[in-house]
Structures are given as structure tokens and as C-alpha cells.
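Novice: Pasting structure_21.tsv here (TSV, C-alpha atoms):
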```tsv
chain	number	residue	atom	x	y	z
A	1	MET	CA	7.22	-8.86	-18.73
A	2	THR	CA	10.98	-8.64	-18.30
A	3	LEU	CA	13.18	-5.65	-18.96
A	4	PRO	CA	16.55	-6.08	-20.70
A	5	ASN	CA	19.55	-5.60	-18.45
A	6	HIS	CA	21.69	-2.52	-18.92
A	7	ARG	CA	24.79	-1.11	-17.31
A	8	LEU	CA	24.94	1.10	-14.30
A	9	THR	CA	25.95	4.71	-14.78
A	10	ASP	CA	29.74	5.10	-14.44
A	11	THR	CA	29.88	7.57	-11.56
A	12	ARG	CA	33.65	8.04	-11.96
A	13	THR	CA	33.22	10.03	-15.17
A	14	THR	CA	29.62	11.25	-14.93
A	15	PRO	CA	28.45	13.85	-12.39
A	16	ARG	CA	25.95	12.34	-9.98
A	17	ARG	CA	22.40	13.08	-10.97
A	18	LYS	CA	20.23	14.43	-8.18
A	19	ALA	CA	16.85	12.94	-7.30
A	20	LEU	CA	14.27	14.22	-4.82
A	21	ILE	CA	11.75	11.69	-3.49
A	22	SER	CA	8.62	12.90	-1.72
A	23	GLY	CA	7.52	10.35	0.86
A	24	ALA	CA	9.40	8.08	3.28
A	25	GLY	CA	6.77	5.35	3.62
A	26	ILE	CA	7.39	2.18	1.60
A	27	ALA	CA	7.96	3.11	-2.06
A	28	GLY	CA	10.15	6.10	-1.15
A	29	PRO	CA	12.92	4.29	0.75
A	30	VAL	CA	12.98	1.42	-1.76
A	31	LEU	CA	13.34	3.90	-4.61
A	32	ALA	CA	16.04	5.76	-2.68
A	33	TYR	CA	17.95	2.53	-2.03
A	34	TRP	CA	18.12	1.51	-5.66
A	35	LEU	CA	18.69	4.98	-7.11
A	36	ASN	CA	21.63	5.36	-4.76
A	37	ARG	CA	23.01	2.04	-6.04
A	38	TYR	CA	22.68	3.38	-9.58
A	39	GLY	CA	24.78	6.44	-8.80
A	40	TYR	CA	22.17	9.06	-7.92
A	41	ALA	CA	22.54	11.56	-5.11
A	42	VAL	CA	19.18	11.07	-3.37
A	43	THR	CA	17.21	13.30	-1.03
A	44	VAL	CA	13.98	12.09	0.61
A	45	VAL	CA	11.55	14.65	2.01
A	46	GLU	CA	8.84	13.53	4.45
A	47	LYS	CA	6.17	15.66	6.09
A	48	ALA	CA	6.13	13.52	9.25
A	49	GLY	CA	8.72	14.25	11.90
A	50	ALA	CA	10.22	10.74	11.81
A	51	PRO	CA	9.69	7.38	10.08
A	52	ARG	CA	6.12	6.36	10.84
A	53	SER	CA	5.63	3.41	13.14
A	54	GLY	CA	2.55	1.33	13.80
A	55	GLY	CA	-0.19	0.90	11.25
A	56	TYR	CA	-2.21	-2.03	10.03
A	57	PRO	CA	-0.29	-5.21	9.02
A	58	VAL	CA	0.65	-5.43	5.34
A	59	ASP	CA	1.30	-8.29	2.91
A	60	VAL	CA	4.40	-8.87	0.77
A	61	ARG	CA	3.78	-11.43	-1.95
A	62	GLY	CA	5.06	-12.75	-5.25
A	63	THR	CA	7.48	-10.50	-7.13
A	64	ALA	CA	7.70	-8.11	-4.16
A	65	LEU	CA	9.43	-10.82	-2.11
A	66	GLU	CA	12.30	-10.73	-4.58
A	67	VAL	CA	12.65	-6.96	-4.11
A	68	VAL	CA	13.16	-7.29	-0.35
A	69	ARG	CA	15.45	-10.28	-0.88
A	70	ARG	CA	17.69	-8.22	-3.18
A	71	MET	CA	17.80	-5.52	-0.51
A	72	GLY	CA	19.03	-8.08	2.04
A	73	LEU	CA	15.91	-7.67	4.19
A	74	LEU	CA	14.24	-11.05	3.80
A	75	PRO	CA	15.73	-12.64	6.98
A	76	ARG	CA	14.71	-9.65	9.10
A	77	LEU	CA	11.19	-9.61	7.70
A	78	ARG	CA	10.83	-13.38	8.12
A	79	GLU	CA	11.52	-12.85	11.82
A	80	ALA	CA	8.84	-10.13	11.91
A	81	HIS	CA	6.28	-12.34	10.09
A	82	ILE	CA	2.94	-12.34	11.88
A	83	ASP	CA	1.80	-15.81	10.82
A	84	LEU	CA	-1.95	-15.30	10.82
A	85	ARG	CA	-3.38	-18.79	11.26
A	86	ARG	CA	-7.14	-18.51	11.08
A	87	LEU	CA	-9.84	-16.43	9.41
A	88	THR	CA	-13.30	-17.00	10.84
A	89	PHE	CA	-16.47	-15.71	9.16
A	90	LEU	CA	-19.62	-15.10	11.20
A	91	GLU	CA	-23.29	-14.71	10.31
A	92	GLY	CA	-25.20	-11.59	11.30
A	93	ASP	CA	-26.34	-13.35	14.50
A	94	GLY	CA	-22.74	-14.15	15.44
A	95	SER	CA	-22.84	-17.86	14.55
A	96	GLU	CA	-19.90	-19.33	12.65
A	97	VAL	CA	-20.01	-19.75	8.86
A	98	ALA	CA	-16.52	-21.15	8.30
A	99	SER	CA	-13.01	-21.03	9.76
A	100	LEU	CA	-10.23	-21.20	7.18
A	101	HIS	CA	-6.54	-20.55	6.71
A	102	PRO	CA	-6.27	-16.94	5.48
A	103	HIS	CA	-4.34	-17.93	2.35
A	104	THR	CA	-7.36	-19.92	1.19
A	105	VAL	CA	-9.17	-16.62	0.77
A	106	THR	CA	-6.33	-14.22	-0.10
A	107	GLY	CA	-4.57	-16.41	-2.64
A	108	GLY	CA	-1.35	-16.25	-0.65
A	109	VAL	CA	1.31	-18.95	-0.42
A	110	ALA	CA	1.97	-20.44	3.01
A	111	GLY	CA	5.65	-20.48	3.96
A	112	LYS	CA	6.62	-17.89	1.37
A	113	ASP	CA	4.44	-14.79	1.61
A	114	LEU	CA	5.04	-12.30	4.40
A	115	GLU	CA	2.61	-10.44	6.61
A	116	VAL	CA	4.29	-7.89	8.85
A	117	ARG	CA	3.35	-4.85	10.87
A	118	ARG	CA	3.65	-1.86	8.59
A	119	GLY	CA	5.97	-0.19	11.07
A	120	ASP	CA	8.33	-3.19	11.00
A	121	LEU	CA	8.57	-2.93	7.22
A	122	THR	CA	9.09	0.84	7.12
A	123	ASP	CA	11.71	0.61	9.88
A	124	ALA	CA	13.61	-2.08	7.98
A	125	LEU	CA	13.54	-0.06	4.76
A	126	TYR	CA	14.66	3.14	6.49
A	127	THR	CA	17.47	1.38	8.36
A	128	VAL	CA	18.98	-0.10	5.22
A	129	VAL	CA	19.13	3.24	3.36
A	130	ARG	CA	19.42	6.00	5.98
A	131	ASP	CA	23.23	6.16	5.91
A	132	ASP	CA	23.42	6.51	2.13
A	133	VAL	CA	20.81	9.15	1.31
A	134	GLU	CA	19.64	12.46	2.76
A	135	PHE	CA	16.37	12.48	4.70
A	136	LEU	CA	14.52	15.73	5.41
A	137	PHE	CA	11.78	15.08	7.96
A	138	ASP	CA	9.07	17.51	9.00
A	139	ASP	CA	9.18	19.09	5.55
A	140	SER	CA	7.49	18.77	2.17
A	141	ILE	CA	7.45	20.15	-1.36
A	142	ASP	CA	5.78	23.54	-1.70
A	143	THR	CA	6.39	24.35	-5.38
A	144	LEU	CA	7.84	22.68	-8.48
A	145	ASP	CA	9.19	24.57	-11.49
A	146	GLN	CA	10.31	22.67	-14.59
A	147	SER	CA	10.98	25.69	-16.81
A	148	GLY	CA	14.76	25.35	-16.53
A	149	HIS	CA	17.20	22.48	-17.11
A	150	GLY	CA	16.07	20.65	-13.99
A	151	VAL	CA	13.30	20.84	-11.42
A	152	ASP	CA	13.51	23.88	-9.16
A	153	VAL	CA	11.94	22.91	-5.84
A	154	THR	CA	10.87	25.09	-2.96
A	155	LEU	CA	10.31	23.23	0.30
A	156	ARG	CA	7.86	24.33	2.94
A	157	GLY	CA	10.78	24.77	5.32
A	158	GLY	CA	12.03	27.55	3.06
A	159	SER	CA	14.98	25.97	1.23
A	160	ARG	CA	15.28	26.01	-2.55
A	161	ARG	CA	17.14	23.38	-4.53
A	162	THR	CA	17.36	22.01	-8.07
A	163	PHE	CA	17.10	18.31	-8.95
A	164	ASP	CA	17.40	16.30	-12.15
A	165	VAL	CA	14.24	14.35	-11.30
A	166	VAL	CA	11.50	14.55	-8.67
A	167	LEU	CA	9.61	11.39	-7.73
A	168	GLY	CA	6.31	11.37	-5.88
A	169	ALA	CA	5.96	8.46	-3.44
A	170	ASP	CA	3.57	10.34	-1.19
A	171	GLY	CA	0.58	8.02	-1.08
A	172	MET	CA	-2.95	7.84	-2.39
A	173	HIS	CA	-3.69	11.47	-1.55
A	174	SER	CA	-0.45	12.61	-3.20
A	175	ARG	CA	0.39	16.29	-3.05
A	176	THR	CA	2.98	15.75	-5.82
A	177	ARG	CA	0.31	14.31	-8.10
A	178	GLU	CA	-1.99	17.24	-7.39
A	179	MET	CA	0.73	19.78	-8.26
A	180	LEU	CA	1.64	17.91	-11.43
A	181	PHE	CA	-1.69	16.66	-12.79
A	182	GLY	CA	-4.45	18.41	-10.85
A	183	PRO	CA	-7.11	17.38	-8.30
A	184	GLU	CA	-7.34	13.82	-7.03
A	185	GLU	CA	-10.95	13.27	-8.15
A	186	GLN	CA	-9.76	12.99	-11.78
A	187	PHE	CA	-7.92	9.77	-10.92
A	188	HIS	CA	-9.72	8.41	-7.86
A	189	HIS	CA	-12.06	5.55	-8.78
A	190	TYR	CA	-14.41	5.04	-5.86
A	191	LEU	CA	-15.23	1.38	-5.23
A	192	GLY	CA	-18.39	1.92	-3.21
A	193	TYR	CA	-17.16	1.34	0.35
A	194	ARG	CA	-16.07	3.43	3.33
A	195	PHE	CA	-14.00	2.06	6.20
A	196	ALA	CA	-12.59	2.79	9.63
A	197	VAL	CA	-9.65	1.06	11.33
A	198	PHE	CA	-8.50	1.59	14.91
A	199	THR	CA	-6.96	-0.17	17.91
A	200	MET	CA	-9.09	-1.61	20.70
A	201	PRO	CA	-8.77	-4.03	23.66
A	202	ASN	CA	-8.56	-7.74	22.88
A	203	THR	CA	-11.59	-8.65	24.97
A	204	LEU	CA	-12.15	-11.97	23.13
A	205	GLY	CA	-8.61	-13.24	23.75
A	206	LEU	CA	-7.90	-13.63	20.02
A	207	SER	CA	-4.48	-14.85	18.87
A	208	HIS	CA	-2.98	-14.83	15.34
A	209	GLU	CA	-6.41	-14.66	13.76
A	210	THR	CA	-9.12	-12.52	12.25
A	211	VAL	CA	-12.82	-12.83	13.05
A	212	MET	CA	-15.17	-11.16	10.57
A	213	TRP	CA	-18.88	-10.47	11.05
A	214	ASN	CA	-20.97	-9.82	7.95
A	215	ALA	CA	-24.40	-8.44	7.19
A	216	PRO	CA	-25.42	-7.33	3.68
A	217	GLY	CA	-23.34	-4.30	2.82
A	218	ARG	CA	-21.64	-4.18	6.22
A	219	ALA	CA	-18.68	-5.94	7.82
A	220	ALA	CA	-16.85	-5.75	11.14
A	221	ALA	CA	-13.58	-7.50	11.91
A	222	LEU	CA	-11.21	-7.97	14.82
A	223	TYR	CA	-7.64	-8.70	13.79
A	224	ALA	CA	-5.15	-10.10	16.33
A	225	VAL	CA	-1.58	-10.11	15.01
A	226	GLY	CA	-0.31	-12.06	18.05
A	227	ASN	CA	-1.20	-12.62	21.68
A	228	ASP	CA	-1.36	-8.89	22.34
A	229	ASP	CA	-3.67	-7.03	24.69
A	230	ASP	CA	-4.94	-4.99	21.72
A	231	VAL	CA	-6.43	-5.90	18.36
A	232	HIS	CA	-7.14	-3.94	15.19
A	233	GLY	CA	-10.81	-3.10	14.83
A	234	PHE	CA	-12.12	-2.73	11.30
A	235	LEU	CA	-15.52	-1.53	10.09
A	236	THR	CA	-16.52	-1.20	6.44
A	237	PHE	CA	-19.80	-0.56	4.69
A	238	VAL	CA	-21.34	0.14	1.31
A	239	HIS	CA	-21.91	3.81	0.64
A	240	PRO	CA	-23.15	4.82	-2.82
A	241	GLU	CA	-21.71	8.29	-2.92
A	242	PRO	CA	-17.98	9.00	-3.14
A	243	PRO	CA	-16.57	11.52	-0.67
A	244	CYS	CA	-16.92	15.06	-1.96
A	245	ASP	CA	-13.75	16.15	-0.19
A	246	ALA	CA	-10.35	14.46	-0.22
A	247	SER	CA	-10.00	15.40	3.47
A	248	PRO	CA	-13.51	15.24	4.99
A	249	ASP	CA	-14.24	16.16	8.59
A	250	PRO	CA	-13.03	13.28	10.83
A	251	GLN	CA	-15.88	13.65	13.31
A	252	ALA	CA	-18.46	13.59	10.51
A	253	GLN	CA	-16.89	10.36	9.25
A	254	ARG	CA	-17.09	8.78	12.71
A	255	ASP	CA	-20.71	9.84	13.05
A	256	LEU	CA	-21.51	8.23	9.69
A	257	VAL	CA	-19.96	4.91	10.76
A	258	VAL	CA	-21.88	4.97	14.05
A	259	ARG	CA	-25.18	5.59	12.23
A	260	VAL	CA	-24.61	2.81	9.71
A	261	PHE	CA	-23.79	0.21	12.40
A	262	ALA	CA	-26.23	1.43	15.07
A	263	ASP	CA	-28.36	-1.74	15.00
A	264	ALA	CA	-25.54	-4.26	14.45
A	265	GLY	CA	-24.94	-7.16	16.81
A	266	TRP	CA	-21.94	-9.28	17.80
A	267	GLU	CA	-19.06	-7.09	19.14
A	268	VAL	CA	-20.00	-4.09	17.04
A	269	PRO	CA	-21.52	-1.93	19.82
A	270	GLY	CA	-18.25	-2.15	21.76
A	271	MET	CA	-16.27	-1.34	18.60
A	272	LEU	CA	-18.36	1.77	18.03
A	273	ALA	CA	-17.79	2.87	21.61
A	274	VAL	CA	-14.03	2.62	21.11
A	275	LEU	CA	-14.16	4.32	17.70
A	276	ARG	CA	-15.83	7.42	19.14
A	277	ASP	CA	-12.71	8.30	21.17
A	278	ALA	CA	-9.92	6.36	19.42
A	279	ASP	CA	-6.91	8.61	18.84
A	280	ASP	CA	-5.45	6.32	16.17
A	281	ALA	CA	-8.60	5.91	14.07
A	282	PHE	CA	-8.11	6.09	10.31
A	283	LEU	CA	-11.21	6.61	8.16
A	284	ASP	CA	-11.30	6.82	4.38
A	285	ALA	CA	-13.06	5.79	1.19
A	286	VAL	CA	-12.09	2.58	-0.61
A	287	GLY	CA	-10.81	3.44	-4.06
A	288	GLN	CA	-8.11	3.04	-6.65
A	289	ILE	CA	-5.87	5.57	-8.37
A	290	ARG	CA	-5.87	5.03	-12.13
A	291	MET	CA	-3.86	7.32	-14.37
A	292	PRO	CA	-3.23	7.31	-18.13
A	293	ARG	CA	0.41	8.24	-17.48
A	294	TRP	CA	2.62	8.37	-14.41
A	295	SER	CA	5.02	11.15	-15.36
A	296	SER	CA	5.23	14.65	-16.77
A	297	GLY	CA	8.54	16.17	-17.72
A	298	ARG	CA	11.11	15.37	-15.04
A	299	VAL	CA	8.55	14.35	-12.40
A	300	ALA	CA	7.11	10.84	-11.98
A	301	LEU	CA	4.87	9.02	-9.50
A	302	VAL	CA	5.27	5.61	-7.87
A	303	GLY	CA	3.28	3.37	-5.54
A	304	ASP	CA	-0.09	4.51	-4.25
A	305	ALA	CA	0.44	8.00	-5.67
A	306	ALA	CA	0.31	6.51	-9.18
A	307	TYR	CA	-1.68	3.28	-8.87
A	308	ALA	CA	-3.14	2.60	-5.43
A	309	PRO	CA	-5.03	-0.71	-5.85
A	310	SER	CA	-7.06	-0.53	-2.57
A	311	PHE	CA	-6.86	-2.98	0.33
A	312	LEU	CA	-9.46	-5.17	-1.43
A	313	THR	CA	-6.62	-6.50	-3.61
A	314	GLY	CA	-4.16	-7.04	-0.76
A	315	GLN	CA	-1.46	-5.82	-3.15
A	316	GLY	CA	-0.85	-2.18	-2.20
A	317	THR	CA	2.46	-2.81	-0.45
A	318	SER	CA	3.67	-5.26	-3.07
A	319	LEU	CA	2.91	-2.85	-5.92
A	320	SER	CA	4.83	-0.12	-4.09
A	321	LEU	CA	7.87	-2.36	-3.62
A	322	VAL	CA	7.89	-3.61	-7.21
A	323	GLY	CA	7.08	-0.23	-8.75
A	324	ALA	CA	9.90	1.49	-6.87
A	325	TYR	CA	12.40	-1.13	-8.00
A	326	MET	CA	11.26	-0.88	-11.60
A	327	LEU	CA	11.38	2.92	-11.65
A	328	ALA	CA	14.92	3.01	-10.27
A	329	HIS	CA	16.10	0.33	-12.70
A	330	SER	CA	14.47	2.13	-15.62
A	331	LEU	CA	16.30	5.37	-14.78
A	332	ALA	CA	19.71	3.69	-14.55
A	333	GLY	CA	21.83	4.78	-17.52
A	334	ARG	CA	18.92	6.60	-19.17
A	335	ASP	CA	17.74	10.18	-19.23
A	336	HIS	CA	14.43	10.93	-17.55
A	337	THR	CA	12.39	10.79	-20.76
A	338	GLU	CA	13.59	7.33	-21.74
A	339	GLY	CA	13.62	6.13	-18.15
A	340	PHE	CA	10.04	7.12	-17.36
A	341	ALA	CA	8.83	5.59	-20.64
A	342	ALA	CA	10.64	2.33	-19.85
A	343	TYR	CA	9.15	2.30	-16.34
A	344	GLU	CA	5.60	2.57	-17.66
A	345	HIS	CA	6.19	0.05	-20.45
A	346	ALA	CA	7.62	-2.57	-18.10
A	347	THR	CA	5.30	-2.06	-15.12
A	348	ARG	CA	1.82	-1.07	-16.30
A	349	ASP	CA	0.56	-4.56	-17.20
A	350	PHE	CA	1.59	-5.81	-13.75
A	351	VAL	CA	-0.24	-2.92	-12.11
A	352	THR	CA	-3.37	-3.48	-14.22
A	353	MET	CA	-3.48	-7.21	-13.40
A	354	ASN	CA	-3.22	-6.55	-9.67
A	355	GLN	CA	-5.75	-3.72	-9.65
A	356	ALA	CA	-8.17	-6.14	-11.34
A	357	LEU	CA	-8.07	-8.36	-8.23
A	358	VAL	CA	-10.39	-5.86	-6.54
A	359	GLY	CA	-13.50	-7.77	-7.65
A	360	LYS	CA	-12.38	-10.97	-5.94
A	361	GLY	CA	-11.61	-9.15	-2.72
A	362	GLY	CA	-14.89	-7.27	-2.55
A	363	ALA	CA	-17.04	-10.27	-3.39
A	364	THR	CA	-15.35	-12.47	-0.78
A	365	LEU	CA	-15.11	-10.07	2.12
A	366	PHE	CA	-18.01	-7.66	1.73
A	367	PRO	CA	-21.09	-9.00	-0.11
A	368	THR	CA	-23.58	-6.19	-0.62
A	369	THR	CA	-26.94	-8.04	-0.84
A	370	PRO	CA	-28.58	-10.87	1.15
A	371	GLN	CA	-28.34	-13.19	-1.87
A	372	ALA	CA	-24.67	-12.39	-2.49
A	373	LEU	CA	-23.91	-12.96	1.20
A	374	LYS	CA	-25.69	-16.33	1.16
A	375	GLU	CA	-23.78	-17.41	-1.96
A	376	ARG	CA	-20.50	-16.27	-0.44
A	377	ASN	CA	-21.17	-18.20	2.76
A	378	ASP	CA	-22.04	-21.33	0.79
A	379	ARG	CA	-18.73	-21.06	-1.08
A	380	LEU	CA	-16.79	-20.60	2.15
A	381	ARG	CA	-18.35	-23.71	3.71
A	382	HIS	CA	-17.10	-25.80	0.80
A	383	LEU	CA	-13.60	-24.37	0.60
A	384	SER	CA	-10.76	-26.54	1.79
A	385	ALA	CA	-9.35	-25.50	5.15
A	386	MET	CA	-5.86	-25.90	3.71
A	387	PRO	CA	-4.28	-23.09	1.69
A	388	SER	CA	-3.15	-23.68	-1.86
A	389	GLY	CA	0.53	-23.46	-2.71
A	390	GLU	CA	0.04	-21.60	-5.95
A	391	GLY	CA	-0.85	-18.00	-5.14
A	392	ARG	CA	-2.72	-15.75	-7.54
A	393	PRO	CA	-0.99	-15.43	-10.95
A	394	ALA	CA	-1.08	-11.63	-10.75
A	395	HIS	CA	1.14	-11.64	-7.65
A	396	SER	CA	4.13	-12.97	-9.60
A	397	ALA	CA	3.29	-11.79	-13.12
A	398	LEU	CA	6.42	-9.65	-13.46
A	399	THR	CA	9.99	-10.96	-13.41
A	400	LEU	CA	12.40	-8.39	-12.01
A	401	PRO	CA	15.28	-7.36	-14.27
A	402	GLU	CA	18.67	-8.13	-12.81
A	403	SER	CA	20.72	-5.46	-11.09
A	404	ALA	CA	24.47	-5.41	-10.56
A	405	SER	CA	23.62	-4.70	-6.90
A	406	SER	CA	21.16	-7.57	-6.41
A	407	SER	CA	23.38	-10.60	-6.30
```
Kindly transcribe the structure held in the file into C-alpha cells.

Specialist:
Amino acid sequence: MTLPNHRLTDTRTTPRRKALISGAGIAGPVLAYWLNRYGYAVTVVEKAGAPRSGGYPVDVRGTALEVVRRMGLLPRLREAHIDLRRLTFLEGDGSEVASLHPHTVTGGVAGKDLEVRRGDLTDALYTVVRDDVEFLFDDSIDTLDQSGHGVDVTLRGGSRRTFDVVLGADGMHSRTREMLFGPEEQFHHYLGYRFAVFTMPNTLGLSHETVMWNAPGRAAALYAVGNDDDVHGFLTFVHPEPPCDASPDPQAQRDLVVRVFADAGWEVPGMLAVLRDADDAFLDAVGQIRMPRWSSGRVALVGDAAYAPSFLTGQGTSLSLVGAYMLAHSLAGRDHTEGFAAYEHATRDFVTMNQALVGKGGATLFPTTPQALKERNDRLRHLSAMPSGEGRPAHSALTLPESASSS
């Protein structure tokens, strides 16, 4: 799945094309970086007031590692690498099932793959591009009009501007996608789980490890990225009905989690107590975004806005990095029609392969029945404690096309 090389636009004789990117998370800054290298004048609009810090750790694997290498960020991210060393699974009564290297379960490659705090990644991406493109924080797209020769955009802050292309990198609950294609429920494929993640005190003294408690259809995990005083608490559970609202009431979501885990043992009662008042709690449904096409006219989507794979695959960040690179490369020297078509042609198989990993993730981490949990635990007990050096084929299934700026 390689894309033929082609020349950069000659900006000395061609007026700079203007691109607006909605979203300054992961895909947005990567897209901005490469479009700028290809001669575009780039503006990034972000509804938050500044680059977002914090967040759950994220993985960068396979082809995505080459994207950050070409951006010159690999040394910085290697320094920020968390180096999770142990993943321990517990029975419902708190007894140990197995303790393994995380890569044994995730399909990662020790010594190559990266796991970093999301804030460390977004800060690195913003730093490398902030001097070359325009960032508009605390603002967002209000309206899009493609009836003219470009895209006429009205921002919520009141300004009106025209761009050659508009690119939505605004996450799973993308406002750009909604304006372009309609309500999220058309494209959201619910995978049968809800989850909550939040920060809580490290009362067990965990270090560079995750401990996961399982009961049929329920799981609780404590994730220590270092020797910190706090850990990430994580609760997930099977729920047959998808959310009826893309933005449900946060308190109602917390109440649902508390009800589902009310009789759970281990550290769960303490986790629920923290969740009730946690100011950083994030609660959502587990799902994927699947779309028959990622563009319409002069507007296209990238990353989670177009093909969120869910955390069950472990590939959300990597797909955002690779997709942004491929979209920028596809637009270099092409008009938007040809560029968007090339982007889909070169990237969709990679996306499909990685979204298909969801079954492996769900079966390993969150068995839904007593029999499935028993079978999972039996498999874990027989797994080698050492990680493989291969990685999952889907992680590296796409070879990046060369760029004149990537040497």
C-alpha cells in the first residue's frame, strides 16, 4: 500500500493555497506541519483556549513511528516514553491470574513502540509547527459554505474567511463531520461497552504498571505511568444499549457506573468514591466511526473524525498520525478532488485492518461471560512473560510515501 512519489507544489510561481484545519489535538498539528511543507498557508482553529495537556497515555506504533521520525520528534518522544513494565490480571476475588509484559497482550514491540502521556505528544506536535502556521484558540467553525470557488467559513468568534480546503480533525464527536454529513449516529458503531477514566491517589504504590480486575462484563484497572502519587482509574462495563445522545448528562453517566459496580470487590469501592467527585472524569461509549467516504467537495475528515477505531484496538493515535501524513501528501501538487481521492485510496485498507483489531482487544481485556472470562484467564496463564518482537501486522501494513521534507 504505497503511494507514488510526486513533486511538491512550486510556491514561487503558484499562489499559496489556503487550508483551514479544525482541531489542534494530534491529527490537526501533524496535518498542519506537512501541508505547510507542501506550500499551503495553514490556519488551525481549536475550541479550547490552549493546547490540551494531560490525558490518558497513548501508544505510537508501526507506521506511525515513521511519521514522528520524519517530523524530527522521535528523540523527544523517546525521552518521554513511559516504559510500562507489567500488566497484572486479577480474578473477581482479587487473586492474581497472570502478570505479563504489556506487549505480550497488545502486540507491541519492546524497544521500538512508544507510550507517552497524551499531553507530551500534543505539546511536541504543537511546538514543532506553531511558528509556521496560524493557530486560533478559543474558537471554532460555525458555518461552511461551498457554493463559491472555495469554502466560505464563519467562525464562532465572528470572523469570515475563505479557504481552498477545510479539514476536520476534531475528534470522534466531530462538529465538522456533523455539518458536512449529518448526525453522528449514522456513522457511530457502538461496540457494547461504556467506560469512565479519571485520576485518583496511588494508594497501592504502583509503578510503571497496570493492574486489571475482571468480572464477567465488568473491568476495573489502575494504571501507573511512573512512580507518581496519582494513577489513572479506569472502569468499563458491558451495556447493551448505545447512548441515545452524543452528549449525555455527565451525572447520569456517573450514576450508571456506580450502579453497575455497586457490588464489586478489590479496589473498586474506593474508585467509585473518587469518581463521584473527580473533576477530570471522562465518560463515554466505546465505538468506532465508519464512513463510506471521508470527504465532500472541498472538505475532508482525518483521524478520529473519519475513522476512530476505539481504544480496544490501541491504534487511535497511530491512525491519526498516519492519516494526517497521508492526507497532506495526497494534496501536494493535486487539486482537492484528486487529492481526497488519492488519500482514501491509499489509506482506507490500513484503516480497515486496524479497526478490525477491535475483536482481539475486547476479547482479551473485557470478557463478557463467565465462560469467556475463564477461557481468557487460561490463555493468559499460558502466555510467555516475554513480549514478541514482531508486533501485529496491521500496525505496519502501510509504507509511507517519501516526502522531500522527510529526509

Novice: For A:Gly49, which residue among A:Leu74, A:Ala397, A:Val97, A:Ala24 is the nearest when counting all atoms listed in the file?

Specialist: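 Smallest distance to A:Gly49 is found for A:Ala24.
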
Novice: For A:Ala48, find every residue with an atom within 8 Å (counting only C-alpha atoms), except residues of its own chain fewer than 4 positions away, and show them as a list in words.

Specialist: Arg52, Phe137, Asp138 and Asp139 of chain A

Novice: Please report, as JSON lines, each residue of stretch 75-157 of chain A lying at most 10 Å from stretch 173-177 of chain A, together with the nearest pair of atoms and the separation in Å rounded to one decimal; use all atoms listed in the file, and order rows by chain and ascending residue number.

Specialist:
```
{"residue": "A:Ser140", "atom": "CA", "partner": "A:Arg175", "partner_atom": "CA", "distance": 9.2}
{"residue": "A:Ile141", "atom": "CA", "partner": "A:Thr176", "partner_atom": "CA", "distance": 7.7}
{"residue": "A:Asp142", "atom": "CA", "partner": "A:Arg175", "partner_atom": "CA", "distance": 9.1}
{"residue": "A:Thr143", "atom": "CA", "partner": "A:Thr176", "partner_atom": "CA", "distance": 9.3}
{"residue": "A:Leu144", "atom": "CA", "partner": "A:Thr176", "partner_atom": "CA", "distance": 8.9}
```

Novice: If we count only C-alpha atoms, what is near A:Val358 at a cut-off of 9 Å, once residues fewer than 6 positions away on the same chain are taken out, given as number ranges by chain?

Specialist: A: 191, 309-314

Novice: Ranking A:Arg156, A:His208, A:Arg117, A:Arg61 by minimum distance to A:Asn354 and counting only C-alpha atoms, which one comes first?

Specialist: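 Closest residue, counting only C-alpha atoms: A:Arg61.
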
Novice: Within 12 Å of (8.1, 4.4, 1.6), only C-alpha atoms: residues as number ranges by chain?

Specialist: A: 21-33, 44-46, 51-53, 118-119, 121-127, 129, 135, 167-171, 302-305, 316-325

Novice: For A:His232, which residue out of A:Gly39, A:Gly192, A:Pro216, A:Gly55 is the nearest one, using only C-alpha atoms?

Specialist: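 Going through A:Gly39, A:Gly192, A:Pro216, A:Gly55 one by one, the smallest distance to A:His232 is for A:Gly55.
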
Novice: Taking only C-alpha atoms into account, name the residue in A:Tyr223, A:Thr210, A:Ala196, A:Arg298 that is nearest to A:Val274.

Specialist: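 Of A:Tyr223, A:Thr210, A:Ala196, A:Arg298, the one nearest A:Val274 is A:Ala196, counting only C-alpha atoms.
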
Novice: One number please: atom CA of A:Val133 to atom CA of A:Ala328, in Å, one decimal.

Specialist: 14.4 Å

Novice: Which value, in Å to one decimal, gives the distance between atom CA of A:Phe350 and atom CA of A:Arg334?

Specialist: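 That distance, rounded to one decimal, is 22.0 Å.
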
Novice: Could you tell me how far atom CA of A:Thr236 sits from atom CA of A:Tyr193, in Å to one decimal place?

Specialist: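 Atom CA of A:Thr236 lies at a distance of 6.6 Å from atom CA of A:Tyr193.
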